[in-house]
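So this block is my_file-v8.cif, mmCIF, C-alpha atoms and all ligand atoms:
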```cif
data_data
#
loop_
_atom_site.label_atom_id
_atom_site.label_comp_id
_atom_site.auth_asym_id
_atom_site.auth_seq_id
_atom_site.Cartn_x
_atom_site.Cartn_y
_atom_site.Cartn_z
CA MET A 150 0.00 0.00 0.00
CA GLN A 151 1.32 3.47 -0.89
CA THR A 152 0.38 6.47 1.27
CA PRO A 153 1.13 10.23 1.60
CA ILE A 154 4.06 12.00 3.26
CA GLY A 155 2.98 13.62 6.54
CA VAL A 156 3.91 17.26 7.14
CA PHE A 157 3.48 18.73 10.61
CA ASP A 158 3.71 22.17 12.20
CA SER A 159 2.38 23.77 15.37
CA GLY A 160 0.23 25.96 13.14
CA PHE A 161 0.51 27.53 9.71
CA GLY A 162 4.29 27.84 9.37
CA GLY A 163 4.85 24.39 7.88
CA LEU A 164 2.79 25.47 4.90
CA THR A 165 5.80 27.54 3.74
CA VAL A 166 7.76 24.27 3.61
CA LEU A 167 4.95 22.26 2.05
CA LYS A 168 4.71 24.90 -0.68
CA GLU A 169 8.34 24.13 -1.61
CA PHE A 170 7.68 20.37 -1.50
CA MET A 171 4.88 20.97 -4.01
CA LYS A 172 7.31 22.84 -6.27
CA GLN A 173 10.25 20.46 -6.02
CA LEU A 174 8.45 17.16 -5.41
CA PRO A 175 4.96 17.60 -6.87
CA GLN A 176 4.58 13.93 -7.79
CA TYR A 177 3.82 12.79 -4.21
CA ASP A 178 0.71 12.93 -2.02
CA TYR A 179 0.87 14.92 1.23
CA ILE A 180 -1.14 15.23 4.44
CA TYR A 181 -0.60 18.45 6.39
CA LEU A 182 -1.49 18.72 10.07
CA GLY A 183 -1.40 22.05 11.92
CA ASP A 184 -1.87 21.94 15.68
CA ASN A 185 -3.41 25.41 15.60
CA ALA A 186 -5.47 24.83 18.74
CA ARG A 187 -2.26 24.70 20.78
CA ALA A 188 0.01 27.01 18.74
CA PRO A 189 2.38 28.67 19.28
CA TYR A 190 4.75 26.05 20.67
CA GLY A 191 7.69 28.50 20.84
CA ASN A 192 7.52 29.35 24.54
CA ARG A 193 6.43 25.92 25.79
CA SER A 194 8.58 23.47 27.79
CA PHE A 195 10.48 20.55 26.28
CA GLU A 196 8.02 18.07 27.80
CA THR A 197 4.96 19.88 26.46
CA VAL A 198 6.38 20.29 22.93
CA TYR A 199 7.38 16.62 22.97
CA GLN A 200 3.92 15.44 24.13
CA TYR A 201 2.06 17.63 21.63
CA THR A 202 4.35 16.67 18.76
CA LEU A 203 4.11 12.97 19.60
CA GLN A 204 0.31 13.17 19.56
CA CYS A 205 0.36 14.82 16.13
CA VAL A 206 2.95 12.41 14.75
CA SER A 207 0.88 9.48 16.06
CA TRP A 208 -2.20 10.83 14.30
CA LEU A 209 -0.29 11.15 11.01
CA PHE A 210 1.06 7.61 11.41
CA LYS A 211 -2.53 6.42 11.97
CA GLN A 212 -3.24 7.84 8.51
CA ASN A 213 -0.50 5.41 7.41
CA CYS A 214 2.14 7.98 6.46
CA PRO A 215 5.43 6.11 6.05
CA LEU A 216 7.43 9.33 6.56
CA ILE A 217 6.68 12.55 8.48
CA ILE A 218 8.50 15.86 8.16
CA LEU A 219 8.38 18.08 11.24
CA ALA A 220 8.17 21.35 9.30
CA CYS A 221 8.60 23.21 12.57
CA ASN A 222 11.93 24.19 14.10
CA THR A 223 10.59 24.22 17.63
CA ALA A 224 9.29 20.64 17.35
CA SER A 225 12.46 19.59 15.53
CA ALA A 226 14.54 21.12 18.34
CA LYS A 227 12.55 19.88 21.30
CA ALA A 228 10.84 16.64 20.25
CA LEU A 229 12.45 15.04 17.21
CA ARG A 230 15.35 13.26 18.87
CA THR A 231 13.21 11.79 21.67
CA ILE A 232 10.61 10.57 19.18
CA GLN A 233 13.32 9.03 16.98
CA GLN A 234 15.10 7.38 19.89
CA ASN A 235 12.24 6.41 22.24
CA ASP A 236 9.02 6.11 20.29
CA LEU A 237 9.56 5.11 16.68
CA ASP A 238 10.82 1.55 17.10
CA LYS A 239 8.38 0.76 19.92
CA LYS A 240 5.22 2.28 18.47
CA PHE A 241 5.81 2.73 14.74
CA PRO A 242 8.49 0.31 13.56
CA GLY A 243 9.78 0.98 10.08
CA ARG A 244 8.35 4.52 9.93
CA LYS A 245 10.50 7.66 9.79
CA VAL A 246 10.34 11.21 11.19
CA LEU A 247 12.68 13.93 9.93
CA GLY A 248 13.13 17.54 11.00
CA VAL A 249 14.22 20.83 9.47
CA ILE A 250 17.28 21.71 11.55
CA ARG A 251 19.75 19.12 10.28
CA PRO A 252 19.21 19.81 6.55
CA THR A 253 19.57 23.55 7.19
CA THR A 254 22.71 23.37 9.34
CA GLU A 255 24.36 21.04 6.81
CA ILE A 256 24.63 23.88 4.32
CA ILE A 257 24.07 27.17 6.14
CA GLY A 258 27.80 27.98 6.37
CA ASN A 259 28.05 27.90 2.57
CA TYR A 260 25.98 31.07 2.32
CA SER A 261 28.32 33.23 4.39
CA ALA A 262 31.47 34.96 3.13
CA THR A 263 32.38 36.29 6.61
CA ASN A 264 31.66 32.94 8.30
CA HIS A 265 29.31 34.73 10.71
CA VAL A 266 25.71 33.55 10.62
CA GLY A 267 22.75 34.92 12.57
CA ILE A 268 19.83 32.69 13.53
CA MET A 269 16.37 34.19 14.14
CA ALA A 270 14.11 31.65 15.87
CA THR A 271 11.55 31.06 18.59
CA SER A 272 12.68 31.09 22.22
CA GLY A 273 12.28 27.31 22.34
CA THR A 274 14.55 26.72 19.37
CA VAL A 275 17.17 29.10 20.76
CA GLN A 276 16.98 27.58 24.22
CA SER A 277 17.53 24.07 22.82
CA GLN A 278 20.89 25.20 21.33
CA SER A 279 20.17 22.83 18.43
CA TYR A 280 21.42 25.24 15.79
CA LEU A 281 24.68 25.88 17.63
CA ILE A 282 25.27 22.16 18.17
CA GLU A 283 24.36 21.03 14.65
CA ALA A 284 26.03 23.91 12.76
CA GLY A 285 29.15 23.32 14.88
CA LYS A 286 29.39 19.80 13.46
CA PHE A 287 29.32 20.91 9.83
CA PHE A 288 30.99 24.34 10.10
CA PRO A 289 33.25 24.23 13.17
CA ASP A 290 34.96 27.49 12.20
CA ALA A 291 31.75 29.46 11.73
CA THR A 292 30.44 31.88 14.35
CA VAL A 293 26.73 31.27 14.84
CA VAL A 294 24.75 33.80 16.89
CA GLN A 295 21.16 33.16 17.93
CA GLN A 296 18.36 35.65 18.45
CA ALA A 297 15.12 34.65 20.17
CA CYS A 298 12.14 36.42 18.57
CA PRO A 299 9.24 35.43 20.84
CA MET A 300 6.74 37.98 19.50
CA LEU A 301 6.99 37.09 15.82
CA VAL A 302 4.97 33.84 15.66
CA PRO A 303 2.07 35.27 17.71
CA LEU A 304 1.98 38.34 15.44
CA ILE A 305 2.07 36.18 12.30
CA GLU A 306 -0.48 33.62 13.58
CA ASN A 307 -2.82 36.52 14.38
CA ASN A 308 -2.39 38.13 10.98
CA GLU A 309 -0.74 41.20 12.56
CA PHE A 310 2.55 41.09 10.67
CA GLU A 311 2.13 43.93 8.21
CA ASN A 312 1.97 46.85 10.60
CA GLU A 313 4.06 49.05 12.89
CA ALA A 314 3.84 46.65 15.80
CA ALA A 315 5.48 43.91 13.74
CA ASP A 316 8.11 46.35 12.43
CA TYR A 317 8.92 47.45 15.98
CA PHE A 318 9.73 43.88 17.05
CA ILE A 319 11.55 43.01 13.82
CA GLN A 320 13.82 46.05 14.26
CA LYS A 321 14.36 45.29 17.93
CA TYR A 322 15.41 41.68 17.25
CA ILE A 323 17.69 42.65 14.35
CA HIS A 324 19.31 45.34 16.48
CA GLU A 325 19.92 42.88 19.33
CA LEU A 326 21.36 40.30 16.93
CA LEU A 327 23.72 42.63 15.08
CA SER A 328 24.85 44.41 18.24
CA ARG A 329 26.24 41.08 19.40
CA ASP A 330 28.06 40.38 16.12
CA ASP A 331 28.44 43.01 13.41
CA LYS A 332 30.22 40.60 11.04
CA ILE A 333 27.03 38.66 10.34
CA ASP A 334 26.37 38.61 6.59
CA THR A 335 23.77 35.81 6.57
CA VAL A 336 20.58 35.63 8.61
CA LEU A 337 18.71 32.33 8.70
CA LEU A 338 14.96 32.38 9.29
CA ALA A 339 14.97 29.36 11.60
CA CYS A 340 11.22 29.36 12.05
CA THR A 341 8.88 28.24 9.30
CA HIS A 342 6.53 31.14 10.02
CA TYR A 343 9.12 33.81 9.23
CA PRO A 344 9.12 33.62 5.40
CA LEU A 345 5.95 35.75 5.61
CA ILE A 346 8.02 38.62 6.99
CA LYS A 347 11.19 37.97 4.97
CA LYS A 348 10.87 41.22 3.00
CA ARG A 349 10.26 43.25 6.15
CA ILE A 350 13.31 41.68 7.80
CA GLU A 351 15.40 42.42 4.68
CA ASN A 352 14.27 46.05 4.79
CA PHE A 353 15.70 46.53 8.26
CA LEU A 354 19.02 44.77 7.66
CA PRO A 355 22.10 46.61 6.39
CA ASP A 356 23.02 46.19 2.72
CA GLY A 357 25.06 43.08 2.11
CA VAL A 358 23.32 40.96 4.76
CA HIS A 359 21.21 38.32 3.08
CA VAL A 360 18.28 36.40 4.47
CA ILE A 361 17.79 32.66 3.98
CA ALA A 362 14.44 30.86 4.33
CA GLN A 363 14.38 27.11 4.85
CA GLY A 364 11.68 25.82 2.51
CA GLU A 365 13.83 25.23 -0.56
CA ILE A 366 16.66 23.78 1.51
CA VAL A 367 14.35 21.29 3.26
CA ALA A 368 12.68 20.29 -0.01
CA ALA A 369 16.06 19.63 -1.67
CA SER A 370 17.10 17.60 1.34
CA LEU A 371 13.88 15.54 1.22
CA GLU A 372 14.50 14.81 -2.44
CA ASP A 373 18.01 13.63 -1.63
CA TYR A 374 16.73 11.52 1.31
CA LEU A 375 14.15 9.76 -0.86
CA TYR A 376 16.81 9.09 -3.49
CA ARG A 377 19.05 7.52 -0.84
CA HIS A 378 16.16 5.58 0.77
CA PRO A 379 14.27 3.81 -2.00
CA GLU A 380 12.73 1.50 0.64
CA ILE A 381 10.83 4.57 1.97
CA GLU A 382 10.25 6.22 -1.39
CA ILE A 383 8.49 3.11 -2.73
CA GLN A 384 5.90 3.40 0.08
CA ILE A 385 4.83 6.96 -0.90
CA SER A 386 1.81 7.42 -3.11
CA THR A 387 2.13 9.61 -6.19
CA GLY A 388 -1.33 11.09 -6.82
CA LYS A 389 -0.25 14.77 -6.55
CA THR A 390 -2.87 15.47 -3.86
CA VAL A 391 -2.68 17.45 -0.60
CA GLN A 392 -5.05 17.10 2.34
CA PHE A 393 -5.09 19.68 5.13
CA TYR A 394 -6.08 19.08 8.75
CA THR A 395 -6.13 21.36 11.75
CA THR A 396 -6.82 20.83 15.44
CA ASP A 397 -8.60 24.21 15.55
CA SER A 398 -11.43 25.66 13.45
CA ALA A 399 -11.22 24.65 9.78
CA GLU A 400 -12.82 27.95 8.81
CA ASP A 401 -10.10 29.98 10.57
CA PHE A 402 -7.45 27.76 9.03
CA ASN A 403 -8.84 28.33 5.56
CA ASN A 404 -9.01 32.10 6.11
CA HIS A 405 -5.34 32.40 7.14
CA ALA A 406 -3.63 29.57 5.32
CA GLY A 407 -3.51 31.27 1.92
CA ASN A 408 -0.96 33.78 3.27
CA PHE A 409 1.42 30.92 3.94
CA TYR A 410 0.60 28.52 1.14
CA GLY A 411 -0.06 30.99 -1.65
CA GLU A 412 -3.40 29.53 -2.66
CA ALA A 413 -6.79 28.74 -1.16
CA ILE A 414 -7.06 25.72 1.10
CA ALA A 415 -9.98 23.61 2.31
CA ALA A 416 -9.01 22.02 5.62
CA CYS A 417 -10.82 19.57 7.91
CA HIS A 418 -10.93 19.77 11.68
CA ILE A 419 -9.65 16.83 13.75
CA GLU A 420 -9.67 15.98 17.45
CA LEU A 421 -6.47 14.39 18.69
N1 LIG B 501 6.85 27.23 12.73
C1 LIG B 501 7.37 26.95 14.06
C2 LIG B 501 8.88 26.91 14.00
O1 LIG B 501 9.43 26.69 12.92
C3 LIG B 501 6.73 27.90 15.01
C4 LIG B 501 6.81 27.48 16.39
C5 LIG B 501 5.76 27.99 17.30
O2 LIG B 501 4.67 27.43 17.29
O3 LIG B 501 6.06 28.89 18.08
O4 LIG B 501 9.55 27.03 15.00
#
```

Would you kindly transcribe this structure into structure tokens?
Amino acid sequence: MQTPIGVFDSGFGGLTVLKEFMKQLPQYDYIYLGDNARAPYGNRSFETVYQYTLQCVSWLFKQNCPLIILACNTASAKALRTIQQNDLDKKFPGRKVLGVIRPTTEIIGNYSATNHVGIMATSGTVQSQSYLIEAGKFFPDATVVQQACPMLVPLIENNEFENEAADYFIQKYIHELLSRDDKIDTVLLACTHYPLIKKRIENFLPDGVHVIAQGEIVAASLEDYLYRHPEIEIQISTGKTVQFYTTDSAEDFNNHAGNFYGEAIAACHIEL
């Protein structure tokens, strides 16, 4: 039996990654689950993010997904390793869960000429130190500086990201980041919600500092993974369909999701 790839985020952010999957790997079927009822995850504890993510992953596995992408940095930082090490073999043998941090850190150093990279992320992702640890493996000589941006996901989830309040926080976070390292020439948007404010972030950065979003990087990495793992690839159905599910109101999801996905969406509500 062939079945879709599962794509998970705390809310809408993973849609920016799914959009790139649809561009680079349109042949497959996908099921997207947003845990909007409990988003944002960014300020929650390790245990809570792990429990919530495990519930969502379990639901996607119940839909028979052979492979799930955590299209959420916070869940990748705080839950992925525990799920891979403690839960997969026991509860879902043969299935796979991948995150977004490893594929990004594998190549992030290549974008920087100064070897100084800034990371903008949720507090949870910053607190986990995952970017420092992973980037240190691939680019040991790079200086990686993190900036927690706790107000950005709430502003984006509430559709309040194109106004002065959003600009105030964007400027504040950029100022804090660059005042700690003025050699940064590359800023990674290490939260899948942030592509919506990429242009606004670029506007407040000095010339010569470029901004990297993760979607394309994660999609290219998924393509490479499926090429290297034909035993997983063969289990994925190729009907070019996408189904959307949310733990909150489907109507709200449909109203907001277009901003992230670029086209209209018809989601269904689920109870976990
Ligand atoms: N899109 C999630 C991420 O990449 C947002 C996390 C949140 O819910 O705060 O980190």

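In this structure, CA of Ala368 (chain A) sits 13.2 Å away from CA of Ile256 (chain A).
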
**Report entry** Residue neighbourhood region 299-310 of chain A, 6 Å, only C-alpha atoms, exclusion window fewer than 4 positions, as a PyMOL selection string
**Finding:** chain A and resi 271-272+315

Using only C-alpha atoms, please write the residues we just selected to a file, as a short mmCIF file (atom, residue, chain, number, x, y, z; two decimals), in the coordinates of the input.
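What ended up in result_33.cif:
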```
data_model
loop_
_atom_site.label_atom_id
_atom_site.label_comp_id
_atom_site.auth_asym_id
_atom_site.auth_seq_id
_atom_site.Cartn_x
_atom_site.Cartn_y
_atom_site.Cartn_z
CA THR A 271 11.55 31.06 18.59
CA SER A 272 12.68 31.09 22.22
CA ALA A 315 5.48 43.91 13.74
#
```

Requested in this report: Report as a PyMOL selection string which protein, DNA and RNA residues come within 7 Å of ligand LIG 501 (chain B), using only C-alpha atoms and all ligand atoms.
Outcome: chain A and resi 158-160+162-163+188-192+220-224+270-271+274+302+339-342

Report task. Write out as a PyMOL selection string each polymer residue whose atoms come within 7 Å of Phe409 (chain A), counting only C-alpha atoms; drop sequence neighbours fewer than 5 positions from it. Result -> chain A and resi 161-162+164-165+345

Query raised in the report: What is the CA of Gln212 (chain A) to CA of Glu412 (chain A) distance in Å?
Result: 24.4 Å

Query raised in the report: Which neighbours of region 257-260 of chain A fall inside 9 Å, counting only C-alpha atoms, when residues of the same chain fewer than 5 positions from it are skipped, and could you give them as a list in words?
Result: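 With the cut-off at 9 Å, the set is Pro252, His265, Val266, Ala284, Phe287, Phe288, Ala291, Asp334, Thr335, Leu337, His359 and Ile361 of chain A.
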
Requested in this report: Would you list the contacts of region 417-421 of chain A as a PyMOL selection string, taking every protein, DNA or RNA residue within 12 Å and counting all atoms listed in the file, but skipping same-chain residues closer than 4 positions in sequence?
Outcome: chain A and resi 180-187+200-209+211+391-403

Report task. Go ahead and compute the interatomic distance for CA of Ala369 (chain A) and CA of Gly155 (chain A), in Å to one decimal. Result ->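 Calculated distance between CA of Ala369 (chain A) and CA of Gly155 (chain A) is 16.6 Å.
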
Query raised in the report: Which of these residues is nearest to Val166 (chain A), using all atoms listed in the file: A:Ile323, A:Ile218, A:Val198, A:Ile414?
Result: A:Ile218

Report task. Identify which of the residues A:Gln295, A:Lys227, A:Ser194, A:Ile154 lies closest to Pro175 (chain A), counting only C-alpha atoms when measuring atom-to-atom distances. Result ->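 Closest residue, counting only C-alpha atoms: A:Ile154.
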
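Minimum atom-to-atom distance to Leu229 (chain A), evaluated using all atoms listed in the file, belongs to A:Ser277 out of A:Thr253, A:Asn264, A:Ser277, A:Pro379.
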
Query raised in the report: Mind listing as a ChimeraX atom specification all residues within 8 Å of (4.0, 14.0, -5.0), counting only C-alpha atoms?
Result: /A:171,174-179,386-390

Store the residues picked out above in a file with C-alpha atoms, as a CSV table (one decimal), keeping the file's coordinate frame.
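again30.csv written:
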```csv
chain,number,residue,atom,x,y,z
A,171,MET,CA,4.9,21.0,-4.0
A,174,LEU,CA,8.4,17.2,-5.4
A,175,PRO,CA,5.0,17.6,-6.9
A,176,GLN,CA,4.6,13.9,-7.8
A,177,TYR,CA,3.8,12.8,-4.2
A,178,ASP,CA,0.7,12.9,-2.0
A,179,TYR,CA,0.9,14.9,1.2
A,386,SER,CA,1.8,7.4,-3.1
A,387,THR,CA,2.1,9.6,-6.2
A,388,GLY,CA,-1.3,11.1,-6.8
A,389,LYS,CA,-0.2,14.8,-6.6
A,390,THR,CA,-2.9,15.5,-3.9
```

Query raised in the report: Quick one: of A:Leu375, A:Ile333, A:Val367, A:Ile232, who's nearest to Pro355 (chain A), counting only C-alpha atoms?
Result: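 Nearest to Pro355 (chain A): A:Ile333.
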
Could you pull the residues within 8 Å of Gln151 (chain A), counting all atoms listed in the file, minus those fewer than 5 positions along the same chain, as a compact mmCIF listing (two decimals) with C-alpha atoms, keeping the file's coordinate frame?
```
# COMPACT_ATOMS: atom_id res chain seq x y z
CA ILE A 383 8.49 3.11 -2.73
CA GLN A 384 5.90 3.40 0.08
CA ILE A 385 4.83 6.96 -0.90
CA SER A 386 1.81 7.42 -3.11
```

**Report entry** Using all atoms listed in the file: which of A:Ala416, A:Cys298, A:Ile346, A:Ile250 has the shortest distance to Glu311 (chain A)
**Finding:** A:Ile346

Query raised in the report: For Glu325 (chain A), which residue out of A:Met269, A:Lys348, A:Ala406, A:Asp238 is the nearest one, using all atoms listed in the file?
Result: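 Checking each candidate against Glu325 (chain A), we get A:Met269 as the closest.
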
For region 347-355 of chain A, I'd like the enclosing box, axis-aligned and padded by 6 Å on every side, reported as AutoDock Vina command-line options with centre and edge lengths in Å to one decimal.
```
--center_x 16.2 --center_y 42.3 --center_z 5.6 --size_x 23.8 --size_y 20.6 --size_z 17.3
```

Quick one: region 316-327 of chain A with all heavy atoms, as an mmCIF file, keeping the file's coordinate frame?
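The new file rebuild25.cif reads:
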```
data_model
loop_
_atom_site.group_PDB
_atom_site.id
_atom_site.type_symbol
_atom_site.label_atom_id
_atom_site.label_comp_id
_atom_site.auth_asym_id
_atom_site.auth_seq_id
_atom_site.Cartn_x
_atom_site.Cartn_y
_atom_site.Cartn_z
ATOM 1 N N ASP A 316 6.835 45.706 12.783
ATOM 2 C CA ASP A 316 8.110 46.350 12.430
ATOM 3 C C ASP A 316 8.914 46.700 13.684
ATOM 4 O O ASP A 316 10.141 46.587 13.686
ATOM 5 C CB ASP A 316 7.848 47.634 11.617
ATOM 6 C CG ASP A 316 7.456 47.299 10.185
ATOM 7 O OD1 ASP A 316 7.585 46.125 9.795
ATOM 8 O OD2 ASP A 316 7.024 48.221 9.463
ATOM 9 N N TYR A 317 8.217 47.116 14.733
ATOM 10 C CA TYR A 317 8.920 47.450 15.980
ATOM 11 C C TYR A 317 9.713 46.241 16.479
ATOM 12 O O TYR A 317 10.896 46.336 16.803
ATOM 13 C CB TYR A 317 7.914 47.902 17.058
ATOM 14 C CG TYR A 317 8.526 47.999 18.422
ATOM 15 C CD1 TYR A 317 9.259 49.128 18.790
ATOM 16 C CD2 TYR A 317 8.421 46.938 19.333
ATOM 17 C CE1 TYR A 317 9.873 49.198 20.032
ATOM 18 C CE2 TYR A 317 9.022 47.012 20.577
ATOM 19 C CZ TYR A 317 9.750 48.137 20.921
ATOM 20 O OH TYR A 317 10.361 48.196 22.145
ATOM 21 N N PHE A 318 9.047 45.062 16.511
ATOM 22 C CA PHE A 318 9.730 43.880 17.050
ATOM 23 C C PHE A 318 10.802 43.363 16.080
ATOM 24 O O PHE A 318 11.867 42.923 16.506
ATOM 25 C CB PHE A 318 8.710 42.783 17.398
ATOM 26 C CG PHE A 318 7.978 43.083 18.665
ATOM 27 C CD1 PHE A 318 6.660 43.503 18.650
ATOM 28 C CD2 PHE A 318 8.632 42.983 19.889
ATOM 29 C CE1 PHE A 318 5.997 43.807 19.825
ATOM 30 C CE2 PHE A 318 7.972 43.292 21.079
ATOM 31 C CZ PHE A 318 6.646 43.707 21.044
ATOM 32 N N ILE A 319 10.531 43.447 14.784
ATOM 33 C CA ILE A 319 11.550 43.010 13.820
ATOM 34 C C ILE A 319 12.827 43.837 13.993
ATOM 35 O O ILE A 319 13.930 43.309 14.095
ATOM 36 C CB ILE A 319 11.003 43.119 12.367
ATOM 37 C CG1 ILE A 319 9.880 42.096 12.146
ATOM 38 C CG2 ILE A 319 12.122 42.899 11.346
ATOM 39 C CD1 ILE A 319 9.090 42.297 10.850
ATOM 40 N N GLN A 320 12.652 45.164 14.086
ATOM 41 C CA GLN A 320 13.820 46.050 14.260
ATOM 42 C C GLN A 320 14.551 45.771 15.571
ATOM 43 O O GLN A 320 15.773 45.739 15.613
ATOM 44 C CB GLN A 320 13.362 47.510 14.260
ATOM 45 C CG GLN A 320 13.250 48.080 12.881
ATOM 46 C CD GLN A 320 12.751 49.511 12.944
ATOM 47 O OE1 GLN A 320 11.570 49.725 13.173
ATOM 48 N NE2 GLN A 320 13.618 50.472 12.746
ATOM 49 N N LYS A 321 13.764 45.559 16.611
ATOM 50 C CA LYS A 321 14.360 45.290 17.930
ATOM 51 C C LYS A 321 15.215 44.020 17.879
ATOM 52 O O LYS A 321 16.358 44.000 18.347
ATOM 53 C CB LYS A 321 13.215 45.138 18.955
ATOM 54 C CG LYS A 321 13.613 44.694 20.350
ATOM 55 C CD LYS A 321 12.340 44.675 21.205
ATOM 56 C CE LYS A 321 12.322 43.773 22.399
ATOM 57 N NZ LYS A 321 13.411 43.662 23.262
ATOM 58 N N TYR A 322 14.675 42.951 17.288
ATOM 59 C CA TYR A 322 15.410 41.680 17.250
ATOM 60 C C TYR A 322 16.649 41.786 16.358
ATOM 61 O O TYR A 322 17.708 41.253 16.691
ATOM 62 C CB TYR A 322 14.496 40.536 16.777
ATOM 63 C CG TYR A 322 13.328 40.262 17.709
ATOM 64 C CD1 TYR A 322 12.067 39.941 17.202
ATOM 65 C CD2 TYR A 322 13.482 40.312 19.092
ATOM 66 C CE1 TYR A 322 10.993 39.687 18.039
ATOM 67 C CE2 TYR A 322 12.418 40.064 19.945
ATOM 68 C CZ TYR A 322 11.173 39.754 19.411
ATOM 69 O OH TYR A 322 10.110 39.496 20.258
ATOM 70 N N ILE A 323 16.527 42.481 15.231
ATOM 71 C CA ILE A 323 17.690 42.650 14.350
ATOM 72 C C ILE A 323 18.770 43.461 15.066
ATOM 73 O O ILE A 323 19.955 43.123 15.019
ATOM 74 C CB ILE A 323 17.269 43.341 13.030
ATOM 75 C CG1 ILE A 323 16.489 42.350 12.166
ATOM 76 C CG2 ILE A 323 18.490 43.850 12.273
ATOM 77 C CD1 ILE A 323 15.925 42.948 10.899
ATOM 78 N N HIS A 324 18.351 44.504 15.756
ATOM 79 C CA HIS A 324 19.310 45.340 16.480
ATOM 80 C C HIS A 324 20.044 44.499 17.541
ATOM 81 O O HIS A 324 21.273 44.562 17.664
ATOM 82 C CB HIS A 324 18.579 46.518 17.130
ATOM 83 C CG HIS A 324 19.458 47.359 17.989
ATOM 84 N ND1 HIS A 324 20.408 48.211 17.458
ATOM 85 C CD2 HIS A 324 19.585 47.439 19.339
ATOM 86 C CE1 HIS A 324 21.061 48.788 18.443
ATOM 87 N NE2 HIS A 324 20.579 48.346 19.593
ATOM 88 N N GLU A 325 19.290 43.703 18.288
ATOM 89 C CA GLU A 325 19.920 42.880 19.330
ATOM 90 C C GLU A 325 20.898 41.880 18.713
ATOM 91 O O GLU A 325 21.984 41.645 19.237
ATOM 92 C CB GLU A 325 18.839 42.132 20.132
ATOM 93 C CG GLU A 325 18.101 43.052 21.097
ATOM 94 C CD GLU A 325 16.931 42.382 21.813
ATOM 95 O OE1 GLU A 325 16.854 41.136 21.832
ATOM 96 O OE2 GLU A 325 16.082 43.130 22.329
ATOM 97 N N LEU A 326 20.506 41.298 17.590
ATOM 98 C CA LEU A 326 21.360 40.300 16.930
ATOM 99 C C LEU A 326 22.662 40.941 16.438
ATOM 100 O O LEU A 326 23.765 40.465 16.745
ATOM 101 C CB LEU A 326 20.593 39.675 15.756
ATOM 102 C CG LEU A 326 21.350 38.656 14.906
ATOM 103 C CD1 LEU A 326 21.666 37.401 15.725
ATOM 104 C CD2 LEU A 326 20.525 38.262 13.671
ATOM 105 N N LEU A 327 22.532 42.036 15.700
ATOM 106 C CA LEU A 327 23.720 42.630 15.080
ATOM 107 C C LEU A 327 24.595 43.352 16.107
ATOM 108 O O LEU A 327 25.790 43.525 15.882
ATOM 109 C CB LEU A 327 23.314 43.589 13.958
ATOM 110 C CG LEU A 327 22.609 42.935 12.768
ATOM 111 C CD1 LEU A 327 22.335 43.948 11.674
ATOM 112 C CD2 LEU A 327 23.393 41.762 12.202
#
```
